Amino acid sequence: MKKTINFLALTFKIIVFSTCASDNSPENDNQVAIYWLKDKTITWSKFQDIKNKDSLEVEKFIPSEMIDAYDFSSHVIYLNNPFPSPIYHYSAPVFVMMAGSQKCYYFTNQNDLFSSDFCRIGHMFPYESNIALLKFWEQYYKDIRDDERVKRSLMETGKYRSGIDVVFDDIKSVFINDSMYLELKVTITNLDSKSIYIMDPSDAWRGYTYSGYSSIQFWKMETFKNELVYISMEKDIKNEHNIFHLQETFKPEDLLFLRGGESVSRTFLVSKADKQYDHNVQEGNMRCAFCYTGPLEVTQQQISLPGGRVWVGTKYSNVMDVTVSKTGLVINNKNVVPE
């Protein structure tokens, strides 16, 4: 009789375990995965008015077994297989980043440009096996994507990639023929143990749908929505540029090769005016940061090169507090902590 009871108890446990493993409930093994709300009538705008958000039921959208690696510097997620359809096909759904059974933060697939606690999921053209979690104004506010629970889970499961670090080392004013220019120094470091290729910060790329280039950005914190100034490294002076057409394959000799832990520094001399939008860096107290941009619209084949992969995505540097006047530029703080 005792053996029969033990056998039945064991059978019951196996059935329960199998049922739990096959459903859509949050995973209990500390794996990182992306879920979305079961109730698809709740759009992102409706979701903002719900007080007890964590009580809503969720189901799997991108399960952990689909995630091959997560670059924590660019927040690009590399998948084992192409996602079935472009994510923008879904109409303003609510996604949630999960670390095991923990709901870490919520996001959607549409823009909310001026929200301080917002990020957007995007499928990287040409819709292969990469998706990106994009954060607008990430240099101004604390970044919700830098969640320690997500980072810890990725590290424990071997899917964490450190990526790169971008340090804005210095900026100073230089006068040439009575005109003020800005000289800046930037250092990029490979934080991973494996080697990578990166685009030179002075290079630009042309993609299938849009283009990208590194830039220095200035803003006044209280009014940045209307006074943001980009100065493109593509359009600076006294620097040479390559322009990559991403329909073609990368050549290793055209990229910078960084072994694990290795760094490269670049110094730029740029105009005080943005040539594309005809904006000038204003006088007064400003904040500024360097935005390093790697390729985005790439295939898996393009970024796999001998000896390493090509780093993709964007990465902001530390933020500086500076004062700009007719007589020059003064640094007040080299590392402003986002609030």
# chains A, B, ... in the order shown; residues from 1 in each chain; ligands from 1

$ residues_around --residues "range 98-106 of chain A" --least-positions-apart "3" --cutoff "12 Å" --atoms "only C-alpha atoms" --output "short mmCIF file (atom, residue, chain, number, x, y, z; two decimals) with N, CA and C atoms, in the first residue's frame"
data_model
loop_
_atom_site.label_atom_id
_atom_site.label_comp_id
_atom_site.auth_asym_id
_atom_site.auth_seq_id
_atom_site.Cartn_x
_atom_site.Cartn_y
_atom_site.Cartn_z
N ASN A 24 2.14 28.99 -20.57
CA ASN A 24 2.71 30.28 -20.91
C ASN A 24 3.02 31.12 -19.68
N SER A 25 2.98 30.54 -18.51
CA SER A 25 3.24 31.31 -17.29
C SER A 25 4.71 31.66 -17.20
N PRO A 26 5.06 32.72 -16.44
CA PRO A 26 6.45 33.14 -16.32
C PRO A 26 7.36 32.01 -15.87
N GLU A 27 8.54 31.96 -16.45
CA GLU A 27 9.49 30.90 -16.16
C GLU A 27 10.08 31.05 -14.75
N ASN A 28 10.39 29.92 -14.14
CA ASN A 28 10.89 29.93 -12.77
C ASN A 28 12.38 29.61 -12.69
N ASP A 29 13.06 29.54 -13.85
CA ASP A 29 14.46 29.13 -13.84
C ASP A 29 15.42 30.31 -14.00
N ASN A 30 14.92 31.53 -13.78
CA ASN A 30 15.74 32.74 -13.81
C ASN A 30 16.20 33.12 -15.21
N GLN A 31 15.58 32.54 -16.24
CA GLN A 31 15.91 32.89 -17.61
C GLN A 31 15.27 34.22 -18.00
N VAL A 32 15.96 35.01 -18.81
CA VAL A 32 15.40 36.25 -19.34
C VAL A 32 14.54 35.93 -20.55
N ALA A 33 13.36 36.50 -20.59
CA ALA A 33 12.44 36.32 -21.71
C ALA A 33 11.56 37.55 -21.81
N ILE A 34 10.94 37.73 -22.98
CA ILE A 34 10.02 38.84 -23.20
C ILE A 34 8.60 38.29 -23.28
N TYR A 35 7.72 38.85 -22.47
CA TYR A 35 6.31 38.47 -22.44
C TYR A 35 5.47 39.64 -22.92
N TRP A 36 4.18 39.37 -23.11
CA TRP A 36 3.24 40.45 -23.36
C TRP A 36 1.93 40.12 -22.68
N LEU A 37 1.05 41.13 -22.57
CA LEU A 37 -0.20 40.93 -21.85
C LEU A 37 -1.10 39.94 -22.57
N TRP A 44 -0.87 50.33 -25.15
CA TRP A 44 0.09 51.05 -24.31
C TRP A 44 -0.54 52.27 -23.65
N PHE A 47 -2.80 51.15 -20.86
CA PHE A 47 -1.98 50.57 -19.80
C PHE A 47 -1.49 51.62 -18.81
N GLN A 48 -1.26 52.84 -19.28
CA GLN A 48 -0.75 53.90 -18.41
C GLN A 48 -1.72 54.25 -17.28
N LYS A 53 -0.43 47.38 -12.23
CA LYS A 53 0.02 46.80 -13.49
C LYS A 53 0.55 45.38 -13.33
N ASP A 54 1.23 45.11 -12.25
CA ASP A 54 1.85 43.79 -12.06
C ASP A 54 0.83 42.67 -11.84
N SER A 55 -0.43 43.03 -11.64
CA SER A 55 -1.45 42.00 -11.45
C SER A 55 -1.98 41.45 -12.77
N LEU A 56 -1.65 42.09 -13.88
CA LEU A 56 -2.14 41.65 -15.18
C LEU A 56 -1.45 40.36 -15.62
N GLU A 57 -2.21 39.49 -16.25
CA GLU A 57 -1.67 38.21 -16.71
C GLU A 57 -0.84 38.41 -17.99
N VAL A 58 0.24 37.64 -18.09
CA VAL A 58 1.12 37.75 -19.26
C VAL A 58 1.33 36.37 -19.87
N GLU A 59 1.83 36.36 -21.12
CA GLU A 59 2.20 35.13 -21.79
C GLU A 59 3.45 35.37 -22.63
N LYS A 60 4.10 34.29 -23.04
CA LYS A 60 5.37 34.40 -23.73
C LYS A 60 5.22 35.06 -25.09
N PHE A 61 6.20 35.92 -25.40
CA PHE A 61 6.31 36.52 -26.73
C PHE A 61 7.62 36.08 -27.38
N ILE A 62 8.73 36.32 -26.70
CA ILE A 62 10.04 35.80 -27.13
C ILE A 62 10.57 34.97 -25.97
N PRO A 63 10.43 33.65 -26.03
CA PRO A 63 10.86 32.80 -24.91
C PRO A 63 12.37 32.77 -24.79
N SER A 64 12.84 32.36 -23.63
CA SER A 64 14.28 32.36 -23.34
C SER A 64 15.05 31.48 -24.31
N PRO A 93 1.11 47.03 -28.46
CA PRO A 93 0.92 46.09 -27.35
C PRO A 93 1.79 46.47 -26.16
N VAL A 94 1.56 45.80 -25.05
CA VAL A 94 2.36 46.03 -23.84
C VAL A 94 3.24 44.80 -23.62
N PHE A 95 4.56 45.02 -23.67
CA PHE A 95 5.52 43.95 -23.42
C PHE A 95 6.09 44.11 -22.01
N ASN A 109 6.09 48.87 -28.75
CA ASN A 109 6.81 48.90 -30.02
C ASN A 109 6.65 50.22 -30.76
N ASP A 117 10.83 57.22 -18.65
CA ASP A 117 10.93 55.81 -18.26
C ASP A 117 10.39 54.91 -19.37
N PHE A 118 10.82 55.19 -20.59
CA PHE A 118 10.25 54.50 -21.73
C PHE A 118 11.35 53.86 -22.58
N CYS A 119 11.09 52.67 -23.09
CA CYS A 119 11.93 52.11 -24.15
C CYS A 119 11.02 51.39 -25.13
N ARG A 120 11.52 51.18 -26.33
CA ARG A 120 10.72 50.61 -27.41
C ARG A 120 11.44 49.41 -28.00
N ILE A 121 10.69 48.36 -28.32
CA ILE A 121 11.27 47.20 -28.97
C ILE A 121 11.16 47.39 -30.48
N LEU A 133 16.19 46.89 -28.06
CA LEU A 133 15.39 47.67 -27.12
C LEU A 133 15.94 49.09 -27.17
N ASP A 143 18.36 54.89 -17.06
CA ASP A 143 17.92 53.98 -18.11
C ASP A 143 17.27 52.74 -17.49
N ILE A 144 15.98 52.53 -17.78
CA ILE A 144 15.28 51.39 -17.21
C ILE A 144 15.80 50.06 -17.75
N ARG A 145 16.48 50.09 -18.91
CA ARG A 145 17.00 48.85 -19.49
C ARG A 145 18.18 48.29 -18.69
N ASP A 146 18.85 49.14 -17.93
CA ASP A 146 20.00 48.69 -17.14
C ASP A 146 19.54 48.06 -15.83
N ASP A 147 18.66 47.10 -15.93
CA ASP A 147 18.07 46.44 -14.77
C ASP A 147 19.01 45.36 -14.26
N GLU A 148 19.39 45.45 -12.99
CA GLU A 148 20.35 44.50 -12.42
C GLU A 148 19.82 43.07 -12.39
N ARG A 149 18.51 42.91 -12.25
CA ARG A 149 17.94 41.56 -12.24
C ARG A 149 18.09 40.90 -13.61
N VAL A 150 17.88 41.68 -14.66
CA VAL A 150 18.06 41.16 -16.01
C VAL A 150 19.53 40.83 -16.26
N LYS A 151 20.40 41.74 -15.87
CA LYS A 151 21.84 41.53 -16.05
C LYS A 151 22.32 40.28 -15.32
N ARG A 152 21.89 40.13 -14.07
CA ARG A 152 22.31 38.98 -13.27
C ARG A 152 21.82 37.67 -13.89
N SER A 153 20.58 37.66 -14.37
CA SER A 153 20.03 36.45 -14.99
C SER A 153 20.78 36.09 -16.27
N LEU A 154 21.11 37.09 -17.08
CA LEU A 154 21.85 36.84 -18.30
C LEU A 154 23.23 36.28 -18.00
N MET A 155 23.87 36.80 -16.98
CA MET A 155 25.20 36.32 -16.61
C MET A 155 25.13 34.89 -16.10
N GLU A 156 24.12 34.57 -15.32
CA GLU A 156 23.99 33.23 -14.76
C GLU A 156 23.70 32.18 -15.82
N THR A 157 23.08 32.60 -16.91
CA THR A 157 22.70 31.66 -17.96
C THR A 157 23.64 31.72 -19.17
#

$ select_by_dssp --residues "range 122-294 of chain A" --states "helix (DSSP H, G or I)" --output "ChimeraX atom specification"
/A:148-156,221-227,233-235,252-254

$ select_by_dssp --residues "range 75-305 of chain A" --states "strand (DSSP E or B)" --output "count of residues only"
102

$ residues_around --residues "Asn130 in chain A" --least-positions-apart "4" --cutoff "8 Å" --atoms "only C-alpha atoms" --output "PyMOL selection string"
chain A and resi 76-79+82+123-124

$ residues_around --residues "Ile331 in chain A" --least-positions-apart "4" --cutoff "10 Å" --atoms "only C-alpha atoms" --output "list in words"
Asp170, Ile171, Lys172, Asn285, Met286, Arg287, Met320, Asp321, Val322, Thr323 and Val324 of chain A

$ atom_distance --atom1 "CA of His89 in chain A" --atom2 "CA of Tyr213 in chain A"
27.4 Å

$ closest_residue --among "A:Leu269, A:Met66, A:Ile50, A:Val166" --to "Ile131 in chain A" --atoms "only C-alpha atoms"
A:Met66

$ residues_around --residues "Ile196 in chain A" --least-positions-apart "6" --cutoff "9 Å" --atoms "only C-alpha atoms" --output "VMD selection string"
chain A and resid 163 190 256 to 260 305 307 to 311

$ write_last_selection --atoms "N, CA and C atoms" --output "PDB file, in the first residue's frame"
ATOM      1  N   GLY A 163      29.689  43.972 -24.296  1.00  0.00           N
ATOM      2  CA  GLY A 163      29.706  44.930 -25.394  1.00  0.00           C
ATOM      3  C   GLY A 163      30.848  45.922 -25.275  1.00  0.00           C
ATOM      4  N   ASN A 190      36.495  47.565 -25.689  1.00  0.00           N
ATOM      5  CA  ASN A 190      35.800  46.281 -25.778  1.00  0.00           C
ATOM      6  C   ASN A 190      35.772  45.668 -24.380  1.00  0.00           C
ATOM      7  N   LEU A 256      37.808  48.748 -37.224  1.00  0.00           N
ATOM      8  CA  LEU A 256      38.772  48.703 -36.130  1.00  0.00           C
ATOM      9  C   LEU A 256      38.601  47.384 -35.387  1.00  0.00           C
ATOM     10  N   PHE A 257      39.700  46.675 -35.166  1.00  0.00           N
ATOM     11  CA  PHE A 257      39.665  45.373 -34.498  1.00  0.00           C
ATOM     12  C   PHE A 257      40.119  45.549 -33.056  1.00  0.00           C
ATOM     13  N   LEU A 258      39.251  45.166 -32.119  1.00  0.00           N
ATOM     14  CA  LEU A 258      39.560  45.296 -30.695  1.00  0.00           C
ATOM     15  C   LEU A 258      39.530  43.917 -30.039  1.00  0.00           C
ATOM     16  N   ARG A 259      40.654  43.512 -29.511  1.00  0.00           N
ATOM     17  CA  ARG A 259      40.686  42.284 -28.717  1.00  0.00           C
ATOM     18  C   ARG A 259      39.999  42.537 -27.381  1.00  0.00           C
ATOM     19  N   GLY A 260      39.756  41.478 -26.642  1.00  0.00           N
ATOM     20  CA  GLY A 260      39.101  41.623 -25.340  1.00  0.00           C
ATOM     21  C   GLY A 260      39.847  42.578 -24.439  1.00  0.00           C
ATOM     22  N   LEU A 305      32.628  38.006 -38.876  1.00  0.00           N
ATOM     23  CA  LEU A 305      33.885  38.150 -39.601  1.00  0.00           C
ATOM     24  C   LEU A 305      34.954  37.264 -38.963  1.00  0.00           C
ATOM     25  N   GLY A 307      37.639  36.001 -36.742  1.00  0.00           N
ATOM     26  CA  GLY A 307      38.208  36.458 -35.478  1.00  0.00           C
ATOM     27  C   GLY A 307      37.260  37.205 -34.571  1.00  0.00           C
ATOM     28  N   GLY A 308      36.042  37.515 -35.015  1.00  0.00           N
ATOM     29  CA  GLY A 308      35.110  38.231 -34.143  1.00  0.00           C
ATOM     30  C   GLY A 308      33.886  38.715 -34.898  1.00  0.00           C
ATOM     31  N   ARG A 309      32.964  39.301 -34.141  1.00  0.00           N
ATOM     32  CA  ARG A 309      31.741  39.838 -34.730  1.00  0.00           C
ATOM     33  C   ARG A 309      31.829  41.354 -34.801  1.00  0.00           C
ATOM     34  N   VAL A 310      30.996  41.947 -35.641  1.00  0.00           N
ATOM     35  CA  VAL A 310      30.900  43.398 -35.723  1.00  0.00           C
ATOM     36  C   VAL A 310      29.919  43.877 -34.660  1.00  0.00           C
ATOM     37  N   TRP A 311      30.351  44.835 -33.855  1.00  0.00           N
ATOM     38  CA  TRP A 311      29.455  45.392 -32.839  1.00  0.00           C
ATOM     39  C   TRP A 311      28.413  46.259 -33.524  1.00  0.00           C
TER      40      TRP A 311
END

$ decode --residues "range 169-247 of chain A" --atoms "C-alpha atoms" --output "PDB file, in the first residue's frame"
ATOM      1  CA  ASP A 169      37.421  61.992 -22.288  1.00  0.00           C
ATOM      2  CA  ASP A 170      37.702  65.686 -23.012  1.00  0.00           C
ATOM      3  CA  ILE A 171      36.328  68.680 -24.888  1.00  0.00           C
ATOM      4  CA  LYS A 172      37.845  72.119 -25.373  1.00  0.00           C
ATOM      5  CA  SER A 173      37.411  75.168 -27.578  1.00  0.00           C
ATOM      6  CA  VAL A 174      39.845  75.930 -30.386  1.00  0.00           C
ATOM      7  CA  PHE A 175      39.903  79.200 -32.357  1.00  0.00           C
ATOM      8  CA  ILE A 176      40.760  79.115 -36.062  1.00  0.00           C
ATOM      9  CA  ASN A 177      40.574  82.392 -38.014  1.00  0.00           C
ATOM     10  CA  ASP A 178      38.499  83.931 -35.206  1.00  0.00           C
ATOM     11  CA  SER A 179      35.934  81.112 -35.400  1.00  0.00           C
ATOM     12  CA  MET A 180      35.346  78.750 -32.481  1.00  0.00           C
ATOM     13  CA  TYR A 181      35.644  75.021 -33.033  1.00  0.00           C
ATOM     14  CA  LEU A 182      35.367  72.145 -30.562  1.00  0.00           C
ATOM     15  CA  GLU A 183      38.074  69.547 -30.072  1.00  0.00           C
ATOM     16  CA  LEU A 184      36.905  66.381 -28.386  1.00  0.00           C
ATOM     17  CA  LYS A 185      38.497  63.078 -27.441  1.00  0.00           C
ATOM     18  CA  VAL A 186      36.592  59.789 -27.221  1.00  0.00           C
ATOM     19  CA  THR A 187      37.755  56.316 -26.121  1.00  0.00           C
ATOM     20  CA  ILE A 188      35.970  53.079 -27.023  1.00  0.00           C
ATOM     21  CA  THR A 189      36.751  49.883 -25.076  1.00  0.00           C
ATOM     22  CA  ASN A 190      35.800  46.281 -25.778  1.00  0.00           C
ATOM     23  CA  LEU A 191      34.461  45.072 -22.416  1.00  0.00           C
ATOM     24  CA  ASP A 192      34.124  41.454 -23.508  1.00  0.00           C
ATOM     25  CA  SER A 193      36.787  38.764 -23.487  1.00  0.00           C
ATOM     26  CA  LYS A 194      36.134  37.937 -27.155  1.00  0.00           C
ATOM     27  CA  SER A 195      37.406  40.131 -30.002  1.00  0.00           C
ATOM     28  CA  ILE A 196      35.082  42.454 -31.909  1.00  0.00           C
ATOM     29  CA  TYR A 197      35.135  44.779 -34.901  1.00  0.00           C
ATOM     30  CA  ILE A 198      33.804  48.329 -34.637  1.00  0.00           C
ATOM     31  CA  MET A 199      33.242  51.141 -37.090  1.00  0.00           C
ATOM     32  CA  ASP A 200      35.547  54.110 -36.657  1.00  0.00           C
ATOM     33  CA  PRO A 201      33.542  56.891 -34.921  1.00  0.00           C
ATOM     34  CA  SER A 202      34.216  59.173 -37.889  1.00  0.00           C
ATOM     35  CA  ASP A 203      32.596  56.724 -40.322  1.00  0.00           C
ATOM     36  CA  ALA A 204      28.960  56.661 -41.422  1.00  0.00           C
ATOM     37  CA  TRP A 205      26.668  54.004 -42.843  1.00  0.00           C
ATOM     38  CA  ARG A 206      23.881  53.951 -45.391  1.00  0.00           C
ATOM     39  CA  GLY A 207      21.229  51.328 -44.779  1.00  0.00           C
ATOM     40  CA  TYR A 208      18.165  49.918 -46.453  1.00  0.00           C
ATOM     41  CA  THR A 209      15.794  52.476 -44.915  1.00  0.00           C
ATOM     42  CA  TYR A 210      17.934  55.125 -43.157  1.00  0.00           C
ATOM     43  CA  SER A 211      21.482  56.127 -42.249  1.00  0.00           C
ATOM     44  CA  GLY A 212      23.607  56.474 -39.128  1.00  0.00           C
ATOM     45  CA  TYR A 213      26.668  58.293 -37.854  1.00  0.00           C
ATOM     46  CA  SER A 214      28.274  59.160 -34.539  1.00  0.00           C
ATOM     47  CA  SER A 215      27.639  62.625 -33.118  1.00  0.00           C
ATOM     48  CA  ILE A 216      28.213  64.982 -30.218  1.00  0.00           C
ATOM     49  CA  GLN A 217      24.994  66.351 -28.728  1.00  0.00           C
ATOM     50  CA  PHE A 218      24.362  69.526 -26.706  1.00  0.00           C
ATOM     51  CA  TRP A 219      21.237  70.511 -24.790  1.00  0.00           C
ATOM     52  CA  LYS A 220      19.886  72.653 -21.974  1.00  0.00           C
ATOM     53  CA  MET A 221      18.329  70.256 -19.506  1.00  0.00           C
ATOM     54  CA  GLU A 222      15.250  72.344 -18.785  1.00  0.00           C
ATOM     55  CA  THR A 223      14.347  72.861 -22.460  1.00  0.00           C
ATOM     56  CA  PHE A 224      16.127  70.058 -24.307  1.00  0.00           C
ATOM     57  CA  LYS A 225      13.073  69.048 -26.334  1.00  0.00           C
ATOM     58  CA  ASN A 226      13.388  72.186 -28.460  1.00  0.00           C
ATOM     59  CA  GLU A 227      17.096  72.950 -28.222  1.00  0.00           C
ATOM     60  CA  LEU A 228      18.896  69.678 -28.886  1.00  0.00           C
ATOM     61  CA  VAL A 229      21.879  70.202 -31.211  1.00  0.00           C
ATOM     62  CA  TYR A 230      23.550  67.306 -33.031  1.00  0.00           C
ATOM     63  CA  ILE A 231      26.991  67.744 -34.557  1.00  0.00           C
ATOM     64  CA  SER A 232      27.710  64.806 -36.812  1.00  0.00           C
ATOM     65  CA  MET A 233      31.157  63.254 -36.924  1.00  0.00           C
ATOM     66  CA  GLU A 234      30.397  62.566 -40.567  1.00  0.00           C
ATOM     67  CA  LYS A 235      30.316  66.300 -41.257  1.00  0.00           C
ATOM     68  CA  ASP A 236      33.223  67.460 -39.105  1.00  0.00           C
ATOM     69  CA  ILE A 237      36.429  69.044 -40.413  1.00  0.00           C
ATOM     70  CA  LYS A 238      39.953  67.703 -40.789  1.00  0.00           C
ATOM     71  CA  ASN A 239      38.820  64.091 -40.386  1.00  0.00           C
ATOM     72  CA  GLU A 240      38.588  61.430 -43.066  1.00  0.00           C
ATOM     73  CA  HIS A 241      35.499  59.272 -43.430  1.00  0.00           C
ATOM     74  CA  ASN A 242      34.365  55.990 -44.863  1.00  0.00           C
ATOM     75  CA  ILE A 243      30.722  55.547 -45.788  1.00  0.00           C
ATOM     76  CA  PHE A 244      29.554  51.947 -45.582  1.00  0.00           C
ATOM     77  CA  HIS A 245      26.668  50.819 -47.765  1.00  0.00           C
ATOM     78  CA  LEU A 246      25.102  48.052 -45.727  1.00  0.00           C
ATOM     79  CA  GLN A 247      23.784  46.183 -48.741  1.00  0.00           C
TER      80      GLN A 247
END
